[in-house]
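Asks: My structure file my_file.cif, mmCIF, C-alpha atoms, is below:
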data_my_file
#
loop_
_atom_site.label_atom_id
_atom_site.label_comp_id
_atom_site.auth_asym_id
_atom_site.auth_seq_id
_atom_site.Cartn_x
_atom_site.Cartn_y
_atom_site.Cartn_z
CA MET A 1 0.00 0.00 0.00
CA PRO A 2 1.17 3.56 -0.61
CA PRO A 3 2.02 5.79 2.35
CA GLY A 4 -0.42 8.21 3.96
CA PRO A 5 -1.49 9.89 7.17
CA ALA A 6 -2.76 7.83 10.09
CA GLU A 7 -5.74 10.12 10.61
CA GLY A 8 -8.71 10.26 8.27
CA PHE A 9 -9.73 13.41 6.39
CA ASP A 10 -12.28 14.22 3.69
CA LEU A 11 -10.29 16.11 1.07
CA ALA A 12 -13.25 17.46 -0.91
CA GLY A 13 -15.30 20.40 0.29
CA SER A 14 -13.24 21.64 3.23
CA ASP A 15 -11.36 24.90 3.68
CA GLU A 16 -8.64 22.91 5.39
CA SER A 17 -8.04 20.70 2.35
CA LEU A 18 -5.37 22.87 0.73
CA ALA A 19 -3.33 23.11 3.94
CA ARG A 20 -3.59 19.34 4.31
CA LEU A 21 -2.44 18.76 0.74
CA ARG A 22 0.63 20.93 1.36
CA ARG A 23 1.50 19.06 4.55
CA TYR A 24 0.87 15.63 3.08
CA PHE A 25 3.02 16.38 0.03
CA THR A 26 5.93 17.32 2.29
CA GLU A 27 5.49 14.11 4.29
CA PHE A 28 4.49 11.56 1.66
CA GLY A 29 5.58 12.86 -1.76
CA ASP A 30 4.15 12.14 -5.20
CA LEU A 31 1.52 9.51 -4.37
CA TYR A 32 -0.26 8.76 -1.11
CA ARG A 33 -3.66 7.74 0.17
CA VAL A 34 -5.96 9.36 2.72
CA PHE A 35 -8.88 7.66 4.45
CA ALA A 36 -12.16 9.54 3.83
CA PRO A 37 -14.44 8.99 6.85
CA ALA A 38 -17.58 10.30 5.09
CA ARG A 39 -17.47 7.52 2.47
CA GLY A 40 -15.45 4.93 4.40
CA VAL A 41 -12.89 4.56 1.59
CA TYR A 42 -9.34 5.61 0.76
CA ASN A 43 -8.78 8.47 -1.67
CA TYR A 44 -5.51 8.65 -3.59
CA VAL A 45 -3.58 11.85 -4.29
CA ILE A 46 -1.10 12.08 -7.17
CA ASN A 47 1.44 14.86 -7.67
CA HIS A 48 3.77 13.58 -10.39
CA PRO A 49 3.20 14.77 -14.00
CA ASP A 50 3.65 11.24 -15.38
CA ASP A 51 0.77 9.91 -13.29
CA ILE A 52 -1.34 12.96 -14.09
CA LYS A 53 -0.75 12.37 -17.80
CA ARG A 54 -1.97 8.79 -17.41
CA VAL A 55 -5.16 9.77 -15.60
CA LEU A 56 -6.10 12.78 -17.74
CA LEU A 57 -4.79 11.67 -21.15
CA SER A 58 -3.24 8.31 -21.93
CA ASN A 59 -5.73 6.20 -19.91
CA HIS A 60 -8.51 8.78 -19.58
CA ARG A 61 -11.25 6.37 -20.70
CA ASN A 62 -10.72 4.44 -17.45
CA TYR A 63 -11.69 7.50 -15.40
CA THR A 64 -14.92 9.38 -14.80
CA LYS A 65 -15.45 12.58 -12.84
CA GLY A 66 -14.85 11.93 -9.17
CA GLU A 67 -15.96 13.12 -5.76
CA GLY A 68 -17.66 16.51 -5.58
CA MET A 69 -19.39 16.26 -8.97
CA ASP A 70 -22.78 15.57 -7.38
CA ARG A 71 -22.84 19.10 -5.93
CA VAL A 72 -21.85 20.61 -9.25
CA LYS A 73 -24.50 18.57 -11.09
CA ILE A 74 -27.24 20.06 -8.91
CA LEU A 75 -26.08 23.49 -10.10
CA LEU A 76 -25.26 22.83 -13.76
CA GLY A 77 -27.32 19.83 -14.75
CA ASN A 78 -25.79 17.52 -17.34
CA GLY A 79 -23.60 20.00 -19.22
CA ILE A 80 -20.13 19.20 -20.54
CA MET A 81 -18.55 19.88 -17.15
CA THR A 82 -20.50 17.07 -15.49
CA SER A 83 -21.64 14.66 -18.23
CA GLU A 84 -19.83 11.43 -19.09
CA GLY A 85 -19.29 8.83 -21.79
CA ASP A 86 -20.88 8.92 -25.23
CA PHE A 87 -23.25 11.75 -24.29
CA TRP A 88 -20.34 13.96 -23.19
CA ARG A 89 -18.40 13.14 -26.39
CA ARG A 90 -21.42 14.08 -28.50
CA GLN A 91 -21.93 17.38 -26.70
CA ARG A 92 -18.24 18.27 -26.82
CA ARG A 93 -18.10 17.58 -30.59
CA MET A 94 -21.17 19.73 -31.18
CA MET A 95 -19.83 22.63 -29.11
CA GLN A 96 -16.20 22.59 -30.22
CA PRO A 97 -16.64 24.61 -33.46
CA SER A 98 -18.14 27.50 -31.44
CA PHE A 99 -14.80 27.86 -29.65
CA HIS A 100 -12.60 27.89 -32.75
CA ARG A 101 -10.07 30.70 -32.85
CA ARG A 102 -11.78 32.32 -35.86
CA VAL A 103 -15.03 32.51 -33.90
CA ILE A 104 -13.45 33.80 -30.68
CA ASP A 105 -11.67 36.54 -32.62
CA GLN A 106 -15.07 37.98 -33.54
CA PHE A 107 -15.79 38.77 -29.88
CA SER A 108 -12.94 41.31 -29.77
CA LYS A 109 -15.21 44.37 -30.06
CA LEU A 110 -17.48 43.12 -27.29
CA ILE A 111 -14.54 42.44 -24.96
CA ARG A 112 -13.12 45.89 -25.62
CA GLU A 113 -16.45 47.66 -25.01
CA VAL A 114 -16.95 46.00 -21.63
CA ASN A 115 -13.39 46.86 -20.58
CA ASP A 116 -13.88 50.48 -21.69
CA LYS A 117 -16.98 50.65 -19.49
CA PHE A 118 -15.05 49.48 -16.44
CA ALA A 119 -12.08 51.71 -17.29
CA ALA A 120 -14.44 54.70 -17.11
CA ARG A 121 -15.61 53.48 -13.71
CA TRP A 122 -12.01 53.16 -12.48
CA ALA A 123 -11.12 56.61 -13.83
CA ASP A 124 -14.01 58.08 -11.88
CA LYS A 125 -12.81 56.32 -8.71
CA ALA A 126 -9.31 57.69 -9.30
CA VAL A 127 -10.63 61.26 -9.51
CA ARG A 128 -12.55 60.82 -6.25
CA GLY A 129 -9.66 59.05 -4.52
CA GLU A 130 -11.76 55.94 -3.86
CA ALA A 131 -10.42 52.40 -3.81
CA VAL A 132 -11.57 49.90 -6.42
CA ASN A 133 -12.95 46.57 -5.29
CA ILE A 134 -11.01 44.37 -7.70
CA SER A 135 -12.78 41.18 -6.58
CA ASP A 136 -16.23 42.61 -7.34
CA ASP A 137 -15.24 44.43 -10.52
CA THR A 138 -13.47 41.48 -12.15
CA SER A 139 -16.49 39.35 -11.25
CA GLU A 140 -18.94 41.83 -12.82
CA LEU A 141 -16.72 42.42 -15.85
CA THR A 142 -16.22 38.75 -16.70
CA LEU A 143 -19.90 38.01 -16.09
CA GLU A 144 -20.96 40.78 -18.48
CA ILE A 145 -18.59 39.50 -21.16
CA VAL A 146 -19.78 35.91 -20.82
CA LEU A 147 -23.48 36.89 -20.77
CA ARG A 148 -23.16 39.13 -23.84
CA SER A 149 -21.18 36.46 -25.67
CA ILE A 150 -23.96 33.93 -24.94
CA PHE A 151 -27.11 36.03 -25.35
CA GLY A 152 -26.02 38.99 -27.49
CA SER A 153 -28.69 41.68 -27.88
CA ASP A 154 -31.22 39.54 -25.97
CA LEU A 155 -29.45 40.50 -22.73
CA ASP A 156 -30.38 44.18 -23.19
CA ARG A 157 -33.94 43.14 -24.01
CA LEU A 158 -34.12 41.08 -20.82
CA GLU A 159 -32.73 43.90 -18.68
CA LYS A 160 -35.26 46.35 -20.13
CA GLN A 161 -38.11 43.89 -19.68
CA LEU A 162 -37.23 42.93 -16.08
CA GLY A 163 -35.64 46.19 -14.91
CA ALA A 164 -32.38 44.41 -13.99
CA ASN A 165 -30.00 41.75 -15.18
CA PRO A 166 -31.51 38.50 -13.86
CA PHE A 167 -28.14 36.73 -14.05
CA GLN A 168 -26.40 39.16 -11.66
CA VAL A 169 -27.06 36.66 -8.88
CA VAL A 170 -24.00 34.79 -10.20
CA ALA A 171 -21.70 37.70 -9.32
CA LYS A 172 -23.55 39.00 -6.28
CA GLU A 173 -24.06 35.72 -4.42
CA GLN A 174 -20.74 34.19 -3.37
CA ASN A 175 -21.94 31.01 -1.62
CA ARG A 176 -22.36 28.00 -3.87
CA ASP A 177 -24.81 26.19 -1.63
CA LEU A 178 -28.20 24.57 -2.29
CA LYS A 179 -29.97 27.91 -1.86
CA PHE A 180 -27.85 29.43 -4.63
CA ALA A 181 -28.32 26.33 -6.81
CA PHE A 182 -32.11 26.69 -6.51
CA ARG A 183 -32.02 30.39 -7.46
CA PHE A 184 -29.65 29.74 -10.34
CA ARG A 185 -31.60 26.80 -11.74
CA SER A 186 -34.75 28.95 -11.67
CA LEU A 187 -33.12 30.94 -14.50
CA THR A 188 -33.76 27.98 -16.79
CA LYS A 189 -37.22 29.42 -17.48
CA LEU A 190 -35.69 32.63 -18.83
CA VAL A 191 -33.28 30.73 -21.07
CA GLN A 192 -36.17 28.60 -22.34
CA GLU A 193 -38.15 31.75 -23.16
CA LEU A 194 -35.20 33.16 -25.13
CA ILE A 195 -34.91 29.91 -27.09
CA ASN A 196 -38.65 29.91 -27.83
CA ARG A 197 -38.60 33.56 -28.91
CA ARG A 198 -35.70 32.98 -31.30
CA ARG A 199 -37.61 30.13 -32.91
CA ARG A 200 -40.78 32.23 -33.25
CA GLU A 201 -39.00 35.35 -34.50
CA PRO A 202 -35.96 34.23 -36.49
CA GLU A 203 -33.33 36.92 -36.88
CA GLU A 204 -29.58 36.80 -37.25
CA HIS A 205 -27.60 36.53 -34.01
CA PHE A 206 -23.88 36.11 -33.45
CA ASP A 207 -23.56 34.62 -30.00
CA PHE A 208 -23.03 31.24 -28.35
CA LEU A 209 -26.74 30.57 -27.93
CA ALA A 210 -27.27 30.93 -31.69
CA MET A 211 -24.31 28.67 -32.40
CA LEU A 212 -25.49 26.00 -29.97
CA MET A 213 -29.03 26.10 -31.38
CA ALA A 214 -27.60 25.66 -34.89
CA SER A 215 -25.18 22.85 -33.99
CA ARG A 216 -25.92 19.34 -35.20
CA ASP A 217 -24.73 15.87 -34.27
CA ARG A 218 -22.44 14.78 -37.09
CA ASP A 219 -23.71 11.17 -36.91
CA ASN A 220 -27.47 11.76 -37.15
CA ASP A 221 -27.82 15.50 -37.85
CA GLU A 222 -29.92 15.98 -34.71
CA ALA A 223 -29.93 19.23 -32.74
CA MET A 224 -29.61 19.48 -28.97
CA SER A 225 -32.81 19.12 -27.00
CA ASP A 226 -33.97 22.20 -25.09
CA LYS A 227 -32.80 20.68 -21.80
CA GLU A 228 -29.38 19.97 -23.27
CA LEU A 229 -29.17 23.53 -24.61
CA ILE A 230 -30.12 25.03 -21.26
CA ASP A 231 -27.66 22.89 -19.28
CA GLU A 232 -24.83 23.89 -21.63
CA VAL A 233 -25.77 27.59 -21.42
CA LEU A 234 -25.83 27.51 -17.61
CA THR A 235 -22.50 25.66 -17.60
CA LEU A 236 -20.93 28.32 -19.84
CA ILE A 237 -22.21 31.10 -17.56
CA VAL A 238 -20.73 29.66 -14.36
CA ALA A 239 -17.55 28.11 -15.78
CA GLY A 240 -16.85 31.06 -18.09
CA HIS A 241 -17.23 33.63 -15.37
CA GLU A 242 -15.93 32.40 -12.01
CA THR A 243 -12.55 31.00 -12.99
CA THR A 244 -11.65 34.02 -15.14
CA ALA A 245 -12.70 36.46 -12.43
CA ALA A 246 -10.61 34.64 -9.81
CA ALA A 247 -7.58 34.51 -12.15
CA LEU A 248 -7.76 38.27 -12.81
CA THR A 249 -8.08 39.04 -9.10
CA TRP A 250 -4.94 37.02 -8.35
CA THR A 251 -3.16 38.63 -11.30
CA TRP A 252 -3.80 42.18 -10.02
CA TYR A 253 -2.72 41.15 -6.53
CA LEU A 254 0.59 39.79 -7.83
CA ILE A 255 1.18 42.82 -10.07
CA SER A 256 0.65 45.12 -7.08
CA GLN A 257 3.30 43.23 -5.12
CA HIS A 258 5.93 43.51 -7.89
CA PRO A 259 6.56 47.09 -9.11
CA ASP A 260 9.08 45.95 -11.74
CA THR A 261 6.41 43.72 -13.28
CA GLN A 262 3.93 46.58 -13.34
CA ALA A 263 6.49 48.82 -15.06
CA GLN A 264 7.12 46.19 -17.74
CA LEU A 265 3.38 45.76 -18.29
CA HIS A 266 3.00 49.53 -18.70
CA ALA A 267 5.86 49.61 -21.20
CA GLU A 268 4.38 46.76 -23.26
CA ALA A 269 0.90 48.32 -23.14
CA ASP A 270 2.27 51.70 -24.28
CA ARG A 271 3.69 50.13 -27.42
CA VAL A 272 0.19 49.27 -28.68
CA SER A 273 -2.18 52.00 -29.82
CA GLY A 274 -5.07 52.62 -27.45
CA ASP A 275 -7.39 53.22 -30.39
CA GLU A 276 -6.87 49.68 -31.62
CA THR A 277 -9.34 46.87 -30.86
CA LEU A 278 -7.13 43.89 -30.15
CA GLY A 279 -7.93 40.74 -32.04
CA LEU A 280 -6.94 37.34 -30.68
CA ALA A 281 -3.57 37.17 -32.46
CA ALA A 282 -2.66 40.75 -31.43
CA ALA A 283 -3.58 40.02 -27.81
CA GLU A 284 -1.49 36.84 -27.82
CA SER A 285 1.48 38.83 -29.18
CA LEU A 286 1.64 40.72 -25.84
CA ALA A 287 4.41 38.39 -24.71
CA PHE A 288 5.11 39.77 -21.24
CA THR A 289 1.42 40.25 -20.39
CA HIS A 290 0.90 36.63 -21.39
CA GLN A 291 3.76 35.49 -19.15
CA VAL A 292 2.34 37.43 -16.19
CA LEU A 293 -1.04 35.74 -16.62
CA GLN A 294 0.56 32.31 -17.01
CA GLU A 295 2.55 32.81 -13.82
CA ALA A 296 -0.55 34.01 -11.93
CA LEU A 297 -2.35 30.86 -13.10
CA ARG A 298 0.62 28.79 -11.95
CA LEU A 299 0.66 30.19 -8.42
CA TYR A 300 -3.11 30.50 -7.98
CA PRO A 301 -4.97 28.19 -10.39
CA PRO A 302 -8.70 28.82 -9.86
CA GLY A 303 -9.42 25.15 -10.57
CA TRP A 304 -7.14 24.06 -7.72
CA LEU A 305 -8.51 20.52 -7.36
CA ILE A 306 -9.43 17.91 -9.99
CA THR A 307 -11.03 14.58 -9.10
CA ARG A 308 -11.36 11.41 -11.14
CA ARG A 309 -12.74 7.96 -10.29
CA THR A 310 -11.40 4.70 -11.72
CA LEU A 311 -13.73 2.45 -13.68
CA ALA A 312 -11.38 -0.54 -13.77
CA ALA A 313 -8.16 -1.21 -11.86
CA ASP A 314 -5.09 0.82 -12.80
CA GLU A 315 -1.52 1.36 -11.70
CA LEU A 316 -0.11 4.74 -10.71
CA GLY A 317 3.34 5.45 -9.31
CA GLY A 318 3.99 1.73 -9.02
CA TYR A 319 0.89 1.11 -6.88
CA ALA A 320 -2.25 -0.82 -7.79
CA ILE A 321 -5.40 1.32 -7.81
CA ALA A 322 -8.69 -0.53 -7.35
CA PRO A 323 -11.86 0.12 -9.36
CA ARG A 324 -14.13 2.93 -8.11
CA THR A 325 -11.26 4.70 -6.35
CA ASP A 326 -11.23 8.50 -6.25
CA VAL A 327 -7.96 10.04 -7.42
CA PHE A 328 -7.22 13.67 -6.52
CA ILE A 329 -4.99 16.00 -8.57
CA SER A 330 -4.19 19.47 -7.28
CA PRO A 331 -2.85 21.88 -9.92
CA TYR A 332 -1.95 24.17 -6.99
CA MET A 333 0.47 21.54 -5.64
CA LEU A 334 1.67 20.40 -9.07
CA HIS A 335 2.51 23.99 -10.06
CA ARG A 336 4.72 24.31 -6.96
CA HIS A 337 6.45 20.94 -7.27
CA PRO A 338 10.16 21.64 -6.59
CA ALA A 339 11.31 18.89 -8.96
CA PHE A 340 9.74 20.71 -11.91
CA TRP A 341 9.85 24.38 -10.92
CA SER A 342 12.82 26.42 -9.71
CA ASP A 343 11.93 28.74 -6.80
CA PRO A 344 8.36 27.44 -6.97
CA GLU A 345 6.93 29.88 -4.41
CA GLU A 346 8.35 32.93 -6.21
CA PHE A 347 6.52 35.06 -8.78
CA LYS A 348 8.68 34.93 -11.92
CA PRO A 349 6.81 35.58 -15.18
CA GLU A 350 10.03 35.10 -17.16
CA ARG A 351 9.92 31.37 -16.40
CA PHE A 352 7.35 31.13 -19.23
CA ALA A 353 9.84 32.42 -21.80
CA GLY A 354 12.81 30.82 -23.51
CA ILE A 355 14.54 27.62 -22.49
CA ASP A 356 12.70 27.24 -19.16
CA ALA A 357 9.36 26.90 -20.91
CA ALA A 358 10.74 24.62 -23.64
CA GLU A 359 12.36 22.13 -21.25
CA ARG A 360 9.61 21.89 -18.65
CA HIS A 361 7.61 18.68 -18.28
CA LYS A 362 4.53 19.18 -20.44
CA PHE A 363 2.19 17.93 -17.71
CA SER A 364 3.64 20.01 -14.86
CA TYR A 365 1.38 22.97 -15.78
CA ILE A 366 -2.35 22.36 -16.14
CA PRO A 367 -4.38 25.48 -15.20
CA PHE A 368 -7.07 24.49 -17.72
CA ALA A 369 -6.59 20.73 -17.17
CA VAL A 370 -5.31 18.58 -20.06
CA GLY A 371 -6.47 15.79 -22.32
CA PRO A 372 -9.89 15.39 -23.94
CA ARG A 373 -11.62 17.13 -21.02
CA HIS A 374 -9.41 20.21 -20.93
CA CYS A 375 -11.35 23.46 -20.62
CA ILE A 376 -13.22 24.16 -23.86
CA GLY A 377 -13.09 27.91 -23.11
CA GLU A 378 -9.31 28.19 -22.57
CA ASN A 379 -8.70 30.40 -25.62
CA ILE A 380 -11.52 32.84 -24.96
CA ALA A 381 -10.61 33.06 -21.25
CA MET A 382 -6.99 33.92 -22.07
CA PHE A 383 -8.18 36.40 -24.73
CA GLU A 384 -10.39 38.19 -22.17
CA MET A 385 -7.61 38.33 -19.59
CA LEU A 386 -4.97 39.57 -22.03
CA VAL A 387 -7.22 42.36 -23.28
CA HIS A 388 -8.23 43.35 -19.74
CA VAL A 389 -4.73 43.52 -18.27
CA HIS A 390 -3.46 45.36 -21.35
CA ALA A 391 -6.34 47.87 -21.39
CA MET A 392 -6.08 48.71 -17.71
CA SER A 393 -2.26 48.81 -17.71
CA ARG A 394 -2.39 51.46 -20.46
CA ARG A 395 -4.60 53.67 -18.32
CA PHE A 396 -3.86 53.00 -14.65
CA ARG A 397 -1.33 52.27 -11.95
CA LEU A 398 -2.79 50.02 -9.25
CA ASN A 399 -1.56 49.67 -5.69
CA ARG A 400 -3.00 47.50 -2.98
CA ALA A 401 -5.00 49.33 -0.33
CA GLY A 402 -3.92 47.72 2.94
CA SER A 403 -1.19 45.24 3.79
CA GLU A 404 -2.94 42.45 5.69
CA PRO A 405 -1.97 38.94 4.52
CA ILE A 406 -4.11 37.42 1.79
CA GLU A 407 -6.05 34.37 2.98
CA LEU A 408 -6.97 31.67 0.49
CA GLU A 409 -10.52 30.40 0.09
CA ALA A 410 -10.26 26.97 -1.50
CA GLN A 411 -13.82 25.94 -2.30
CA ILE A 412 -15.01 25.18 -5.86
CA ASN A 413 -12.53 27.83 -7.06
CA LEU A 414 -9.41 29.25 -5.43
CA ARG A 415 -9.90 32.92 -4.60
CA PRO A 416 -8.98 35.44 -1.88
CA ARG A 417 -11.19 35.09 1.18
CA SER A 418 -11.66 38.88 1.49
CA ASN A 419 -12.25 41.44 -1.23
CA LEU A 420 -9.07 42.75 -2.85
CA MET A 421 -9.10 46.56 -2.65
CA MET A 422 -6.81 48.69 -4.84
CA THR A 423 -6.06 52.39 -5.15
CA VAL A 424 -6.08 53.54 -8.75
CA GLN A 425 -4.03 56.33 -10.34
CA THR A 426 -4.45 57.41 -13.93
CA ARG A 427 -1.22 57.32 -15.89
#
Now, as a test, write the supplied structure out as structure tokens.
Replies:
Amino acid sequence: MPPGPAEGFDLAGSDESLARLRRYFTEFGDLYRVFAPARGVYNYVINHPDDIKRVLLSNHRNYTKGEGMDRVKILLGNGIMTSEGDFWRRQRRMMQPSFHRRVIDQFSKLIREVNDKFAARWADKAVRGEAVNISDDTSELTLEIVLRSIFGSDLDRLEKQLGANPFQVVAKEQNRDLKFAFRFRSLTKLVQELINRRRREPEEHFDFLAMLMASRDRDNDEAMSDKELIDEVLTLIVAGHETTAAALTWTWYLISQHPDTQAQLHAEADRVSGDETLGLAAAESLAFTHQVLQEALRLYPPGWLITRRTLAADELGGYAIAPRTDVFISPYMLHRHPAFWSDPEEFKPERFAGIDAAERHKFSYIPFAVGPRHCIGENIAMFEMLVHVHAMSRRFRLNRAGSEPIELEAQINLRPRSNLMMTVQTR
């Protein structure tokens, strides 16, 4: 049997889990097991990239989603984040063309407009000498981008009809409990009404809802059912908003702690015309901005814990793994593994340039997971973040308001426990 702690501990769903993972890695290394009292079984934790490659890629068909998915399923239904097997493969194939680079590039104007709106808000705060709540603003900004990319002009129609944005609950309500799940799932009626209206009154839309409604199964030419459409839309709202918002919050925190990094970001931003709407390729050409975001995702990956469950027996790290065993992977721990990262606790964006990046183990960095189930929205998320950091770096200098230590909240996503407040100066 592999090593492990004498005491039992349920790794999923506890604020103490991340601290335990850090301690257990120091004591037991790349593979260990922990008894889970709630289920009366042993969970296995793997930290070596070779084992992670086997679970997520080379032997991925032997693994389903693991512990914790039941909670997520209550919230998101049977969308691509929670579905399995042939149904998941069908849905993924149908959705994949909507996330092609050529399609994502066409959202550039939308992404710029939302950032301009928030830049005006920050400029106003700077004039009044008020701090900006980065946690709230990145949450609202990313939610607006994801909602407008899904619903297009229908979002304005909904806001006018209802007097408010009905989806704001996603940004305003932080707890992801059953009460939130009930409120969120009640939005299915609104999505259904939008689908029905588009069928009654056909007009041209460029948004994800239109693309999903038009998608067809390549084997039988069937469209998604309304329930399938709604589950995928709700999945895109939550997954496309929360992780990106958390990543941007951590990015601004790290930038504020490293003045040299902020100066380099300003210099790179100044080299690009402010009148220009950045397309995907232009945004990706912001090399240093990209490195800063990659390093922020290394240190604070929003998806800090991945679980899988074996279908049949397997072998990992030289140990036999029985069927129906939950295997835990923590990108947070993997990204700080001293065998694969020099000075792993240090913020060094340059590690994503040159020979360091080329020689690194390919599976030692997985902020968007890897393999067939890697995040379908990786390109659009990086596009949003690149444009945002570039746009705000051109206009502002941000400094953290306060010096109290940042506490981590490791629940579904990894984010700061308290709101991150920043003072903003126009440049």
Asks: Kindly give the distance, in Å, that separates CA of Glu159 in chain A and CA of Thr188 in chain A, rounded to a single decimal.
Replies: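 Spanning CA of Glu159 in chain A to CA of Thr188 in chain A is a straight-line distance of 16.1 Å.
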Asks: Which residues, named as in the file, does the PyMOL selection byres ((chain A and resi 229) around 12) pick out? Answer as number ranges by chain.
Replies: A: 76-80, 91, 94-95, 150, 188, 191-192, 194-196, 208-216, 223-228, 230-236
Asks: Filtering to C-alpha atoms, could you give me those residues as a CSV table (one decimal), in the coordinates of the input?
Replies:
chain,number,residue,atom,x,y,z
A,76,LEU,CA,-25.3,22.8,-13.8
A,77,GLY,CA,-27.3,19.8,-14.8
A,78,ASN,CA,-25.8,17.5,-17.3
A,79,GLY,CA,-23.6,20.0,-19.2
A,80,ILE,CA,-20.1,19.2,-20.5
A,91,GLN,CA,-21.9,17.4,-26.7
A,94,MET,CA,-21.2,19.7,-31.2
A,95,MET,CA,-19.8,22.6,-29.1
A,150,ILE,CA,-24.0,33.9,-24.9
A,188,THR,CA,-33.8,28.0,-16.8
A,191,VAL,CA,-33.3,30.7,-21.1
A,192,GLN,CA,-36.2,28.6,-22.3
A,194,LEU,CA,-35.2,33.2,-25.1
A,195,ILE,CA,-34.9,29.9,-27.1
A,196,ASN,CA,-38.6,29.9,-27.8
A,208,PHE,CA,-23.0,31.2,-28.4
A,209,LEU,CA,-26.7,30.6,-27.9
A,210,ALA,CA,-27.3,30.9,-31.7
A,211,MET,CA,-24.3,28.7,-32.4
A,212,LEU,CA,-25.5,26.0,-30.0
A,213,MET,CA,-29.0,26.1,-31.4
A,214,ALA,CA,-27.6,25.7,-34.9
A,215,SER,CA,-25.2,22.8,-34.0
A,216,ARG,CA,-25.9,19.3,-35.2
A,223,ALA,CA,-29.9,19.2,-32.7
A,224,MET,CA,-29.6,19.5,-29.0
A,225,SER,CA,-32.8,19.1,-27.0
A,226,ASP,CA,-34.0,22.2,-25.1
A,227,LYS,CA,-32.8,20.7,-21.8
A,228,GLU,CA,-29.4,20.0,-23.3
A,230,ILE,CA,-30.1,25.0,-21.3
A,231,ASP,CA,-27.7,22.9,-19.3
A,232,GLU,CA,-24.8,23.9,-21.6
A,233,VAL,CA,-25.8,27.6,-21.4
A,234,LEU,CA,-25.8,27.5,-17.6
A,235,THR,CA,-22.5,25.7,-17.6
A,236,LEU,CA,-20.9,28.3,-19.8
Asks: In Å, how far is it from CA of Ala171 in chain A to CA of Met385 in chain A?
Replies: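 So the answer is 17.4 Å.
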Asks: Translate the PyMOL selection byres ((chain A and resi 265-267) around 10) into a concrete residue list for this structure, as number ranges by chain.
Replies: A: 255, 259-264, 268-272, 286-290, 292, 389-397, 427
Asks: Would you write out, as a JSON list (two decimals) with C-alpha atoms, in the coordinates of the input, every residue that the PyMOL selection byres ((chain A and resi 334) around 12) captures in this file?
Replies:
[["chain", "number", "residue", "atom", "x", "y", "z"],
["A", 21, "LEU", "CA", -2.44, 18.76, 0.74],
["A", 22, "ARG", "CA", 0.63, 20.93, 1.36],
["A", 25, "PHE", "CA", 3.02, 16.38, 0.03],
["A", 29, "GLY", "CA", 5.58, 12.86, -1.76],
["A", 30, "ASP", "CA", 4.15, 12.14, -5.20],
["A", 31, "LEU", "CA", 1.52, 9.51, -4.37],
["A", 45, "VAL", "CA", -3.58, 11.85, -4.29],
["A", 46, "ILE", "CA", -1.10, 12.08, -7.17],
["A", 47, "ASN", "CA", 1.44, 14.86, -7.67],
["A", 48, "HIS", "CA", 3.77, 13.58, -10.39],
["A", 49, "PRO", "CA", 3.20, 14.77, -14.00],
["A", 50, "ASP", "CA", 3.65, 11.24, -15.38],
["A", 51, "ASP", "CA", 0.77, 9.91, -13.29],
["A", 52, "ILE", "CA", -1.34, 12.96, -14.09],
["A", 297, "LEU", "CA", -2.35, 30.86, -13.10],
["A", 298, "ARG", "CA", 0.62, 28.79, -11.95],
["A", 299, "LEU", "CA", 0.66, 30.19, -8.42],
["A", 300, "TYR", "CA", -3.11, 30.50, -7.98],
["A", 301, "PRO", "CA", -4.97, 28.19, -10.39],
["A", 304, "TRP", "CA", -7.14, 24.06, -7.72],
["A", 305, "LEU", "CA", -8.51, 20.52, -7.36],
["A", 306, "ILE", "CA", -9.43, 17.91, -9.99],
["A", 328, "PHE", "CA", -7.22, 13.67, -6.52],
["A", 329, "ILE", "CA", -4.99, 16.00, -8.57],
["A", 330, "SER", "CA", -4.19, 19.47, -7.28],
["A", 331, "PRO", "CA", -2.85, 21.88, -9.92],
["A", 332, "TYR", "CA", -1.95, 24.17, -6.99],
["A", 333, "MET", "CA", 0.47, 21.54, -5.64],
["A", 335, "HIS", "CA", 2.51, 23.99, -10.06],
["A", 336, "ARG", "CA", 4.72, 24.31, -6.96],
["A", 337, "HIS", "CA", 6.45, 20.94, -7.27],
["A", 338, "PRO", "CA", 10.16, 21.64, -6.59],
["A", 339, "ALA", "CA", 11.31, 18.89, -8.96],
["A", 340, "PHE", "CA", 9.74, 20.71, -11.91],
["A", 341, "TRP", "CA", 9.85, 24.38, -10.92],
["A", 344, "PRO", "CA", 8.36, 27.44, -6.97],
["A", 345, "GLU", "CA", 6.93, 29.88, -4.41],
["A", 361, "HIS", "CA", 7.61, 18.68, -18.28],
["A", 362, "LYS", "CA", 4.53, 19.18, -20.44],
["A", 363, "PHE", "CA", 2.19, 17.93, -17.71],
["A", 364, "SER", "CA", 3.64, 20.01, -14.86],
["A", 365, "TYR", "CA", 1.38, 22.97, -15.78],
["A", 366, "ILE", "CA", -2.35, 22.36, -16.14],
["A", 367, "PRO", "CA", -4.38, 25.48, -15.20],
["A", 369, "ALA", "CA", -6.59, 20.73, -17.17]]
Asks: Which is closer to Leu386 in chain A than all the others in A:Glu284, A:Glu140, A:Glu295, A:Asp156, using only C-alpha atoms?
Replies: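 Between A:Glu284, A:Glu140, A:Glu295, A:Asp156, the residue approaching Leu386 in chain A most closely is A:Glu284.
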Asks: Using 12 Å as the limit and counting only C-alpha atoms, can you tabulate each residue of range 281-375 of chain A that touches range 96-107 of chain A, with its shortest atom-to-atom distance in Å and the two atoms involved, as JSON lines?
Replies:
{"residue": "A:Ala281", "atom": "CA", "partner": "A:Asp105", "partner_atom": "CA", "distance": 8.1}
{"residue": "A:Ala282", "atom": "CA", "partner": "A:Asp105", "partner_atom": "CA", "distance": 10.0}
{"residue": "A:Ala283", "atom": "CA", "partner": "A:Asp105", "partner_atom": "CA", "distance": 10.0}
{"residue": "A:Glu284", "atom": "CA", "partner": "A:Asp105", "partner_atom": "CA", "distance": 11.3}
{"residue": "A:Pro372", "atom": "CA", "partner": "A:Gln96", "partner_atom": "CA", "distance": 11.4}
{"residue": "A:Arg373", "atom": "CA", "partner": "A:Gln96", "partner_atom": "CA", "distance": 11.6}
{"residue": "A:His374", "atom": "CA", "partner": "A:Gln96", "partner_atom": "CA", "distance": 11.8}
{"residue": "A:Cys375", "atom": "CA", "partner": "A:Phe99", "partner_atom": "CA", "distance": 10.6}
